[in-house]
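Source file model_38.cif; content: mmCIF, C-alpha atoms and all ligand atoms.
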```cif
data_protein
loop_
_atom_site.label_atom_id
_atom_site.label_comp_id
_atom_site.auth_asym_id
_atom_site.auth_seq_id
_atom_site.Cartn_x
_atom_site.Cartn_y
_atom_site.Cartn_z
CA MET A 97 -5.76 -96.62 79.69
CA ILE A 98 -8.79 -98.77 78.85
CA ILE A 99 -12.18 -98.37 80.49
CA GLN A 100 -13.81 -101.76 81.07
CA SER A 101 -16.95 -101.10 83.06
CA ASP A 102 -19.53 -98.35 83.17
CA TRP A 103 -21.70 -97.95 86.26
CA HIS A 104 -23.80 -94.96 85.31
CA ILE A 105 -25.95 -95.19 82.18
CA HIS A 106 -29.46 -93.91 81.45
CA SER A 107 -31.86 -95.93 79.32
CA GLU A 108 -34.98 -94.73 77.56
CA CYS A 109 -36.89 -95.38 80.80
CA SER A 110 -35.32 -92.23 82.27
CA TYR A 111 -37.46 -89.16 81.64
CA ASP A 112 -34.48 -87.39 80.06
CA ALA A 113 -32.86 -90.19 78.05
CA SER A 114 -33.45 -92.08 74.81
CA LEU A 115 -30.94 -94.96 74.80
CA LYS A 116 -32.17 -98.45 74.06
CA LEU A 117 -30.45 -101.32 75.87
CA GLU A 118 -29.54 -102.84 72.53
CA GLU A 119 -27.72 -99.71 71.39
CA ILE A 120 -25.77 -99.72 74.66
CA ALA A 121 -24.90 -103.42 74.34
CA ASN A 122 -23.68 -103.03 70.76
CA LYS A 123 -21.58 -99.96 71.34
CA ALA A 124 -20.13 -101.39 74.57
CA LYS A 125 -18.99 -104.46 72.68
CA GLU A 126 -17.18 -102.24 70.17
CA THR A 127 -15.46 -100.21 72.88
CA GLY A 128 -14.56 -103.14 75.13
CA ILE A 129 -16.83 -102.28 78.06
CA LYS A 130 -17.78 -105.50 79.81
CA LYS A 131 -20.11 -104.43 82.62
CA LEU A 132 -23.00 -102.04 82.23
CA GLY A 133 -24.89 -100.50 85.13
CA ILE A 134 -28.24 -99.00 84.19
CA THR A 135 -29.03 -96.18 86.60
CA ASP A 136 -32.18 -94.38 85.55
CA HIS A 137 -33.23 -91.31 87.49
CA LEU A 138 -35.42 -91.61 90.54
CA ASN A 139 -35.75 -87.96 91.41
CA PHE A 140 -39.04 -87.82 93.27
CA ASN A 141 -41.28 -90.21 95.16
CA ASP A 142 -44.21 -89.41 92.89
CA GLU A 143 -46.05 -91.81 90.60
CA LYS A 144 -44.30 -90.69 87.43
CA PHE A 145 -40.81 -91.44 88.76
CA LEU A 146 -41.87 -94.64 90.49
CA SER A 147 -43.38 -95.97 87.29
CA ASP A 148 -40.25 -94.99 85.30
CA LEU A 149 -38.15 -96.98 87.73
CA LYS A 150 -40.47 -99.97 87.47
CA SER A 151 -40.13 -99.90 83.67
CA SER A 152 -36.38 -99.65 84.00
CA ALA A 153 -36.31 -102.66 86.35
CA GLU A 154 -38.56 -104.70 84.06
CA SER A 155 -36.63 -103.97 80.89
CA VAL A 156 -33.21 -104.61 82.45
CA THR A 157 -34.40 -107.84 84.08
CA GLU A 158 -35.74 -109.07 80.76
CA TYR A 159 -32.63 -108.04 78.81
CA GLN A 160 -30.29 -109.64 81.34
CA LYS A 161 -31.51 -113.08 80.30
CA ASN A 162 -29.30 -112.85 77.22
CA HIS A 163 -27.02 -110.08 78.41
CA PRO A 164 -25.64 -110.84 81.85
CA GLU A 165 -23.31 -107.84 81.52
CA PHE A 166 -26.24 -105.59 82.48
CA ILE A 167 -26.79 -104.72 86.15
CA LEU A 168 -29.69 -102.77 87.61
CA GLY A 169 -28.86 -99.69 89.65
CA VAL A 170 -30.52 -96.32 90.17
CA GLU A 171 -29.49 -92.67 90.30
CA LEU A 172 -30.77 -90.88 93.41
CA THR A 173 -30.72 -87.15 93.94
CA PRO A 174 -31.33 -85.20 97.14
CA ILE A 175 -34.73 -83.53 97.19
CA ALA A 176 -36.16 -81.15 99.77
CA LYS A 177 -37.64 -82.96 102.77
CA PRO A 178 -40.82 -80.81 102.81
CA GLU A 179 -41.46 -81.72 99.16
CA PHE A 180 -40.83 -85.41 99.88
CA ASP A 181 -43.35 -85.24 102.74
CA TYR A 182 -45.91 -83.48 100.55
CA ILE A 183 -45.59 -86.16 97.85
CA GLN A 184 -45.89 -88.97 100.42
CA LYS A 185 -49.19 -87.48 101.44
CA HIS A 186 -50.62 -86.37 98.08
CA LYS A 187 -48.84 -88.81 95.66
CA THR A 188 -48.07 -85.89 93.35
CA ARG A 189 -45.84 -82.84 93.22
CA LEU A 190 -48.71 -80.75 91.89
CA GLY A 191 -49.77 -78.08 94.32
CA TYR A 192 -46.58 -78.17 96.38
CA VAL A 193 -45.55 -74.79 97.74
CA PRO A 194 -42.04 -74.60 99.25
CA PRO A 195 -42.29 -73.34 102.82
CA VAL A 196 -40.63 -70.02 103.45
CA THR A 197 -37.53 -70.55 105.53
CA ALA A 198 -34.20 -68.87 105.99
CA LYS A 199 -32.44 -72.20 106.21
CA PRO A 200 -31.75 -74.63 103.35
CA TYR A 201 -34.12 -77.60 103.28
CA ASP A 202 -33.04 -80.93 104.69
CA PRO A 203 -32.25 -83.44 101.94
CA GLU A 204 -34.03 -86.75 101.38
CA PHE A 205 -33.95 -89.49 98.73
CA ALA A 206 -37.13 -90.78 97.08
CA LEU A 207 -37.11 -94.37 98.38
CA THR A 208 -35.57 -96.48 101.13
CA LYS A 209 -33.00 -99.16 100.40
CA GLU A 210 -35.62 -101.83 101.17
CA GLN A 211 -38.05 -100.34 98.67
CA LEU A 212 -35.34 -100.10 96.03
CA SER A 213 -34.12 -103.67 96.63
CA ALA A 214 -37.68 -104.94 96.34
CA LEU A 215 -37.74 -103.51 92.81
CA GLY A 216 -34.56 -105.39 91.93
CA VAL A 217 -32.18 -102.44 92.27
CA ARG A 218 -28.76 -103.65 93.41
CA TYR A 219 -26.86 -100.39 93.99
CA ALA A 220 -27.27 -96.63 93.89
CA VAL A 221 -25.39 -93.72 92.45
CA GLY A 222 -26.12 -90.74 94.70
CA ALA A 223 -25.50 -87.30 93.23
CA ALA A 224 -26.41 -83.65 93.69
CA HIS A 225 -28.14 -81.93 90.78
CA TRP A 226 -29.75 -78.75 92.01
CA SER A 227 -29.92 -76.48 94.96
CA LEU A 228 -32.06 -77.17 98.03
CA ASP A 229 -31.19 -73.81 99.42
CA ALA A 230 -34.14 -71.47 99.45
CA SER A 231 -32.15 -68.39 98.44
CA VAL A 232 -29.89 -70.02 95.86
CA ALA A 233 -32.85 -71.86 94.36
CA LYS A 234 -34.05 -68.60 92.88
CA GLY A 235 -31.52 -69.22 90.14
CA SER A 236 -28.86 -66.60 90.66
CA LEU A 237 -25.32 -67.80 90.27
CA ASP A 238 -23.90 -64.37 91.03
CA ASP A 239 -22.93 -65.45 94.47
CA ILE A 240 -20.80 -68.41 93.57
CA ASN A 241 -19.76 -68.99 97.16
CA SER A 242 -23.29 -69.71 98.27
CA VAL A 243 -23.68 -72.18 95.40
CA ILE A 244 -20.45 -73.90 96.39
CA LYS A 245 -21.59 -74.01 100.00
CA GLU A 246 -24.89 -75.59 99.04
CA TRP A 247 -23.22 -78.23 96.83
CA TYR A 248 -20.81 -78.99 99.63
CA ARG A 249 -23.67 -79.42 102.09
CA GLN A 250 -25.53 -81.86 99.84
CA GLN A 251 -22.40 -83.76 98.90
CA MET A 252 -21.45 -84.29 102.53
CA TRP A 253 -24.93 -85.68 103.13
CA ILE A 254 -24.63 -87.99 100.11
CA ALA A 255 -21.21 -89.23 101.22
CA CYS A 256 -22.73 -90.29 104.56
CA ASP A 257 -26.05 -91.75 103.41
CA ASP A 258 -26.38 -95.48 103.74
CA ARG A 259 -28.15 -95.89 100.37
CA VAL A 260 -25.26 -94.56 98.32
CA THR A 261 -22.91 -97.10 96.74
CA ILE A 262 -21.21 -94.71 94.33
CA PHE A 263 -20.75 -91.02 95.02
CA GLY A 264 -21.85 -89.74 91.61
CA HIS A 265 -20.30 -86.90 89.59
CA PRO A 266 -18.58 -84.86 92.32
CA TRP A 267 -19.17 -81.13 91.76
CA TYR A 268 -21.38 -81.60 88.73
CA ASN A 269 -23.08 -78.30 88.07
CA GLY A 270 -25.69 -77.98 85.37
CA GLN A 271 -25.18 -74.25 85.15
CA SER A 272 -21.43 -74.60 84.64
CA ALA A 273 -20.75 -72.47 87.71
CA TRP A 274 -17.10 -73.49 88.07
CA TYR A 275 -16.43 -75.22 84.75
CA ASP A 276 -13.78 -72.70 83.74
CA ASP A 277 -11.64 -73.00 86.87
CA PHE A 278 -12.06 -75.81 89.39
CA SER A 279 -9.74 -74.10 91.87
CA VAL A 280 -12.63 -71.89 93.09
CA ILE A 281 -13.72 -74.94 95.11
CA PRO A 282 -11.85 -74.80 98.43
CA ARG A 283 -9.44 -77.65 98.89
CA SER A 284 -10.68 -78.16 102.45
CA MET A 285 -14.15 -79.00 101.09
CA ASN A 286 -12.70 -81.53 98.67
CA MET A 287 -10.78 -83.16 101.50
CA ASP A 288 -13.86 -83.26 103.79
CA ILE A 289 -15.85 -84.95 101.05
CA ALA A 290 -12.99 -87.33 100.24
CA TYR A 291 -12.63 -88.44 103.87
CA ALA A 292 -16.39 -88.88 104.23
CA ILE A 293 -16.46 -91.07 101.11
CA LYS A 294 -13.52 -93.06 102.37
CA GLU A 295 -14.81 -93.49 105.89
CA ASN A 296 -18.20 -94.62 104.67
CA LYS A 297 -16.60 -97.06 102.24
CA LYS A 298 -18.12 -95.70 99.08
CA TYR A 299 -16.85 -95.59 95.55
CA VAL A 300 -16.34 -92.26 93.85
CA GLU A 301 -17.28 -91.75 90.26
CA CYS A 302 -15.21 -90.45 87.40
CA ASN A 303 -18.02 -88.99 85.31
CA GLU A 304 -17.71 -88.56 81.56
CA GLY A 305 -20.59 -86.09 81.51
CA VAL A 306 -18.67 -83.64 83.70
CA LEU A 307 -15.24 -84.15 82.14
CA CYS A 308 -16.46 -83.90 78.57
CA ALA A 309 -19.19 -81.30 79.02
CA PRO A 310 -18.94 -78.78 76.15
CA THR A 311 -19.05 -75.94 78.70
CA THR A 312 -15.83 -77.02 80.42
CA THR A 313 -12.47 -75.46 79.65
CA GLU A 314 -9.22 -77.35 79.02
CA LYS A 315 -7.97 -76.01 82.32
CA PHE A 316 -10.96 -77.33 84.21
CA ARG A 317 -10.67 -80.78 82.61
CA ARG A 318 -7.08 -81.10 83.69
CA GLN A 319 -7.78 -79.85 87.25
CA TYR A 320 -10.82 -82.09 87.62
CA ALA A 321 -9.04 -85.18 86.30
CA GLU A 322 -6.21 -84.46 88.74
CA PHE A 323 -8.74 -84.19 91.56
CA ILE A 324 -10.20 -87.61 90.70
CA ARG A 325 -6.67 -88.98 90.52
CA GLU A 326 -5.94 -87.55 93.98
CA LEU A 327 -8.98 -89.34 95.42
CA PHE A 328 -7.74 -92.54 93.82
CA GLU A 329 -4.32 -92.07 95.40
CA MET A 330 -5.99 -91.61 98.79
CA GLY A 331 -7.24 -95.17 98.41
CA ILE A 332 -10.81 -94.40 97.36
CA PRO A 333 -11.98 -96.84 94.68
CA VAL A 334 -12.95 -94.98 91.51
CA THR A 335 -15.68 -96.26 89.20
CA TYR A 336 -16.31 -95.02 85.71
CA GLY A 337 -19.65 -93.55 84.69
CA SER A 338 -20.38 -92.39 81.16
CA ASP A 339 -23.69 -90.90 82.32
CA SER A 340 -24.85 -91.42 78.72
CA HIS A 341 -28.39 -90.25 77.96
CA SER A 342 -28.54 -90.34 74.17
CA GLN A 343 -25.48 -91.49 72.24
CA TYR A 344 -23.62 -94.19 74.12
CA ALA A 345 -19.92 -93.69 74.95
CA SER A 346 -19.59 -90.77 72.52
CA CYS A 347 -16.67 -89.26 74.41
CA HIS A 348 -14.95 -92.51 75.24
CA GLU A 349 -11.60 -92.07 73.49
CA GLU A 350 -11.20 -88.49 74.65
CA MET A 351 -11.82 -89.65 78.21
CA GLU A 352 -9.21 -92.38 78.00
CA LYS A 353 -6.71 -89.77 76.88
CA ILE A 354 -7.55 -87.19 79.58
CA LEU A 355 -7.35 -89.89 82.26
CA ALA A 356 -4.09 -91.36 80.99
CA ASP A 357 -2.60 -87.85 81.05
CA VAL A 358 -3.11 -87.60 84.81
CA GLY A 359 -1.63 -91.04 85.47
CA PHE A 360 -4.54 -93.49 85.27
CA LYS A 361 -3.58 -96.92 84.00
CA ASP A 362 -5.47 -100.04 82.98
CA GLY A 363 -7.02 -101.63 86.02
CA ASP A 364 -7.10 -98.45 88.13
CA PHE A 365 -10.87 -98.18 87.80
CA SER A 366 -12.91 -100.40 90.07
CA GLU A 367 -15.86 -102.62 89.53
CA ILE A 368 -18.44 -102.78 92.31
CA LYS A 369 -17.42 -105.71 94.47
CA GLU A 370 -19.94 -108.50 95.00
CA VAL A 371 -20.14 -107.71 98.75
CA ASP A 372 -21.12 -104.12 98.03
CA PHE A 373 -24.26 -105.00 96.07
CA TRP A 374 -27.44 -104.93 98.13
CA PHE A 375 -28.18 -108.54 97.22
ZN ZN B 1 -26.68 -87.06 87.58
ZN ZN B 2 -26.95 -89.62 85.47
#
```

Would you encode the structure as structure tokens?
Amino acid sequence: MIIQSDWHIHSECSYDASLKLEEIANKAKETGIKKLGITDHLNFNDEKFLSDLKSSAESVTEYQKNHPEFILGVELTPIAKPEFDYIQKHKTRLGYVPPVTAKPYDPEFALTKEQLSALGVRYAVGAAHWSLDASVAKGSLDDINSVIKEWYRQQMWIACDDRVTIFGHPWYNGQSAWYDDFSVIPRSMNMDIAYAIKENKKYVECNEGVLCAPTTTEKFRRQYAEFIRELFEMGIPVTYGSDSHSQYASCHEEMEKILADVGFKDGDFSEIKEVDFWF
């Protein structure tokens, strides 16, 4: 099982990453990865994130001149619609006060597809990272079912949004809520998400960051890899994403082993087809 393309990488232009394009290019050559999608974070529509994305676009465009294996993408995350609206008006997140509501906030992404394309972005990884649910947002993971429900809600939205090319890291959870036993996620939710991804003709990501997270158990890794394999067998194209932020492809060999164990073979992972790029 050899991984040949990586569609989810963060460069030093991401607020939370330190990788230089050269480091990525060198390590990719060693590991046999032939296509490299740079997807820096565009979390909010404020000036900080917009200028990060501009730097990302500029550096990738420049580097591509000698390294055509690089492709410019972006990682989008759902944010609360009231916060998006506030930033549109004030150009900053400073001073934003979440409105009190019993209902979870509607999700939104920071930019439109037209705005992203104008910056040179050719595809998007869309992925949930945090709660937009007013009660869950207070940080308690005691009620795991409400966390699951909120992730499900956002993921269904992502699977249906027109800007998303790749459904990024399904069920990623920064607080490791279900990283010991994936079976706490109801199968019906997984199937709903799978059918939404399929119907909307998106790719689903096999994410190294989730599978190799130090907080995951052996049991979880196996269950999660089997889940990705099941999506693949349903006919959903699976892309690979290292989601590297600092060291590039540090978990690469371990990943190839985990994936081979659940039946993945060379060629099972997809590249983004030319027709699926925005331009
Ligand atoms: Zn992410
Ligand atoms: Zn990422």

Write out as a count of residues only the residues lying within 9 Å of stretch 160-172 of chain A, counting all atoms listed in the file and excluding same-chain residues fewer than 5 positions away.
36

Residue nearest A:Glu329 among A:Glu210, A:Glu119, A:Asp258, A:Asp364 (counting all atoms listed in the file)
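With all atoms listed in the file as the atom set, the closest residue is A:Asp364.
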
Mind giving me the straight-line distance from atom CA of A:His265 to atom CA of A:Tyr299 in Å, one decimal?
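One can read the atom CA of A:His265 to atom CA of A:Tyr299 distance as 11.1 Å.
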
Centre and edge lengths, as JSON, for the axis-aligned box enclosing every listed atom of stretch 223-227 of chain A with 3 Å of padding on each of the six sides, in Å to one decimal?
```
{"center_x": -27.7, "center_y": -81.9, "center_z": 92.9, "size_x": 10.4, "size_y": 16.8, "size_z": 10.2}
```

Residues near A:Val358, anyone? I mean within 10 Å using only C-alpha atoms, not counting same-chain ones fewer than 5 positions away, as a list of chain:residue names.
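Result of the neighbour search: A:Arg318, A:Gln319, A:Tyr320, A:Ala321, A:Glu322, A:Phe323, A:Ile324, A:Arg325, A:Glu326, A:Lys353.
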
For the selection you just gave me, I'd like the residues written to a file as an mmCIF file, keeping the file's coordinate frame, keeping C-alpha atoms.
```
data_model
loop_
_atom_site.group_PDB
_atom_site.id
_atom_site.type_symbol
_atom_site.label_atom_id
_atom_site.label_comp_id
_atom_site.auth_asym_id
_atom_site.auth_seq_id
_atom_site.Cartn_x
_atom_site.Cartn_y
_atom_site.Cartn_z
ATOM 1 C CA ARG A 318 -7.080 -81.100 83.690
ATOM 2 C CA GLN A 319 -7.780 -79.850 87.250
ATOM 3 C CA TYR A 320 -10.820 -82.090 87.620
ATOM 4 C CA ALA A 321 -9.040 -85.180 86.300
ATOM 5 C CA GLU A 322 -6.210 -84.460 88.740
ATOM 6 C CA PHE A 323 -8.740 -84.190 91.560
ATOM 7 C CA ILE A 324 -10.200 -87.610 90.700
ATOM 8 C CA ARG A 325 -6.670 -88.980 90.520
ATOM 9 C CA GLU A 326 -5.940 -87.550 93.980
ATOM 10 C CA LYS A 353 -6.710 -89.770 76.880
#
```

Give me, please, the distance in Å between atom CA of A:Tyr344 and atom CA of A:Phe360, quoted to one decimal.
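It comes out at 22.1 Å.
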
Rank A:Ile289, A:Ile183, A:Ile99, A:Val306 by their smallest atom-to-atom distance to A:His225, using only C-alpha atoms, and report the top residue only.
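The closest residue to A:His225 is A:Val306.
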
Selected residue, from A:Tyr275, A:Phe365, A:Trp253, A:Trp267, that lies nearest to ligand ZN 1 (chain B) when counting all atoms listed in the file
A:Trp267

Using all atoms listed in the file, find the one residue out of A:Leu146, A:Ile98, A:Ile105, A:Met287 that sits nearest to ligand ZN 2 (chain B).
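Closest to ligand ZN 2 (chain B), using all atoms listed in the file: A:Ile105.
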
Which protein, DNA or RNA residues have an atom at most 10 Å from (-15.1, -74.5, 87.3), counting only C-alpha atoms? List them as a PDB file with C-alpha atoms, in the frame of the given file.
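Listed below is the output, selection-v7.pdb:
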```pdb
ATOM      1  CA  TRP A 267     -19.170 -81.130  91.760  1.00  0.00           C
ATOM      2  CA  TYR A 268     -21.380 -81.600  88.730  1.00  0.00           C
ATOM      3  CA  ASN A 269     -23.080 -78.300  88.070  1.00  0.00           C
ATOM      4  CA  SER A 272     -21.430 -74.600  84.640  1.00  0.00           C
ATOM      5  CA  ALA A 273     -20.750 -72.470  87.710  1.00  0.00           C
ATOM      6  CA  TRP A 274     -17.100 -73.490  88.070  1.00  0.00           C
ATOM      7  CA  TYR A 275     -16.430 -75.220  84.750  1.00  0.00           C
ATOM      8  CA  ASP A 276     -13.780 -72.700  83.740  1.00  0.00           C
ATOM      9  CA  ASP A 277     -11.640 -73.000  86.870  1.00  0.00           C
ATOM     10  CA  PHE A 278     -12.060 -75.810  89.390  1.00  0.00           C
ATOM     11  CA  SER A 279      -9.740 -74.100  91.870  1.00  0.00           C
ATOM     12  CA  VAL A 280     -12.630 -71.890  93.090  1.00  0.00           C
ATOM     13  CA  ILE A 281     -13.720 -74.940  95.110  1.00  0.00           C
ATOM     14  CA  THR A 311     -19.050 -75.940  78.700  1.00  0.00           C
ATOM     15  CA  THR A 312     -15.830 -77.020  80.420  1.00  0.00           C
ATOM     16  CA  THR A 313     -12.470 -75.460  79.650  1.00  0.00           C
ATOM     17  CA  LYS A 315      -7.970 -76.010  82.320  1.00  0.00           C
ATOM     18  CA  PHE A 316     -10.960 -77.330  84.210  1.00  0.00           C
ATOM     19  CA  ARG A 317     -10.670 -80.780  82.610  1.00  0.00           C
ATOM     20  CA  GLN A 319      -7.780 -79.850  87.250  1.00  0.00           C
ATOM     21  CA  TYR A 320     -10.820 -82.090  87.620  1.00  0.00           C
TER      22      TYR A 320
END
```

Give the answer as one residue: which of A:Ala124, A:Ala176, A:Ile262, A:Ile240 has the shortest atom-to-atom distance to ligand ZN 2 (chain B), using all atoms listed in the file?
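Of the candidates, the smallest distance to ligand ZN 2 (chain B) is held by A:Ile262.
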
From the list A:Val371, A:Ile244, A:Ala214, A:Cys302, the nearest residue to ligand ZN 2 (chain B) using only C-alpha atoms and all ligand atoms is A:Cys302

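The two atoms in question, atom CA of A:Glu349 and atom CA of A:Thr335, are spaced 16.8 Å apart.
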
I'd like the contact shell of A:Thr127 - 9 Å cut-off, all atoms listed in the file, skipping same-chain residues fewer than 4 positions apart - returned as a list in words.
Ile99, Gln100, Asn122, Lys123, Ala345 and His348 of chain A

With C-alpha atoms retained, could you export that selection as a compact mmCIF listing (two decimals), in the frame of the given file?
```txt
# COMPACT_ATOMS: atom_id res chain seq x y z
CA ILE A 99 -12.18 -98.37 80.49
CA GLN A 100 -13.81 -101.76 81.07
CA ASN A 122 -23.68 -103.03 70.76
CA LYS A 123 -21.58 -99.96 71.34
CA ALA A 345 -19.92 -93.69 74.95
CA HIS A 348 -14.95 -92.51 75.24
```

Test item: residues at most 8 Å from A:Pro266, all atoms listed in the file, excluding those fewer than 4 positions along its chain, as a list in words
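Surrounding residues, per the criterion: Ala223, Gln251, Val300 and Glu301 of chain A.
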
Would you output that residue set with C-alpha atoms, as an mmCIF file, in the coordinates of the input?
```
data_model
loop_
_atom_site.group_PDB
_atom_site.id
_atom_site.type_symbol
_atom_site.label_atom_id
_atom_site.label_comp_id
_atom_site.auth_asym_id
_atom_site.auth_seq_id
_atom_site.Cartn_x
_atom_site.Cartn_y
_atom_site.Cartn_z
ATOM 1 C CA ALA A 223 -25.500 -87.300 93.230
ATOM 2 C CA GLN A 251 -22.400 -83.760 98.900
ATOM 3 C CA VAL A 300 -16.340 -92.260 93.850
ATOM 4 C CA GLU A 301 -17.280 -91.750 90.260
#
```

Using C-alpha atoms, give me stretch 240-267 of chain A from the structure I just pasted, as a compact mmCIF listing (two decimals), in the first residue's frame.
```
# COMPACT_ATOMS: atom_id res chain seq x y z
CA ILE A 240 -20.87 13.00 24.70
CA ASN A 241 -24.16 12.56 22.88
CA SER A 242 -24.63 16.28 22.47
CA VAL A 243 -21.09 16.58 21.11
CA ILE A 244 -21.76 13.78 18.64
CA LYS A 245 -25.02 15.42 17.62
CA GLU A 246 -23.30 18.74 17.00
CA TRP A 247 -20.52 17.14 14.93
CA TYR A 248 -23.12 15.27 12.94
CA ARG A 249 -25.03 18.48 12.27
CA GLN A 250 -21.94 20.31 10.99
CA GLN A 251 -20.73 17.35 8.97
CA MET A 252 -24.06 17.01 7.19
CA TRP A 253 -23.85 20.69 6.31
CA ILE A 254 -20.29 20.27 5.02
CA ALA A 255 -21.24 17.24 2.94
CA CYS A 256 -23.90 19.34 1.18
CA ASP A 257 -22.03 22.63 0.73
CA ASP A 258 -21.09 23.50 -2.81
CA ARG A 259 -17.62 24.81 -1.85
CA VAL A 260 -16.40 21.51 -0.47
CA THR A 261 -14.30 19.31 -2.76
CA ILE A 262 -12.97 16.98 -0.08
CA PHE A 263 -14.87 16.14 3.09
CA GLY A 264 -11.97 16.56 5.53
CA HIS A 265 -11.14 14.39 8.54
CA PRO A 266 -14.53 12.82 9.32
CA TRP A 267 -15.17 12.82 13.08
```
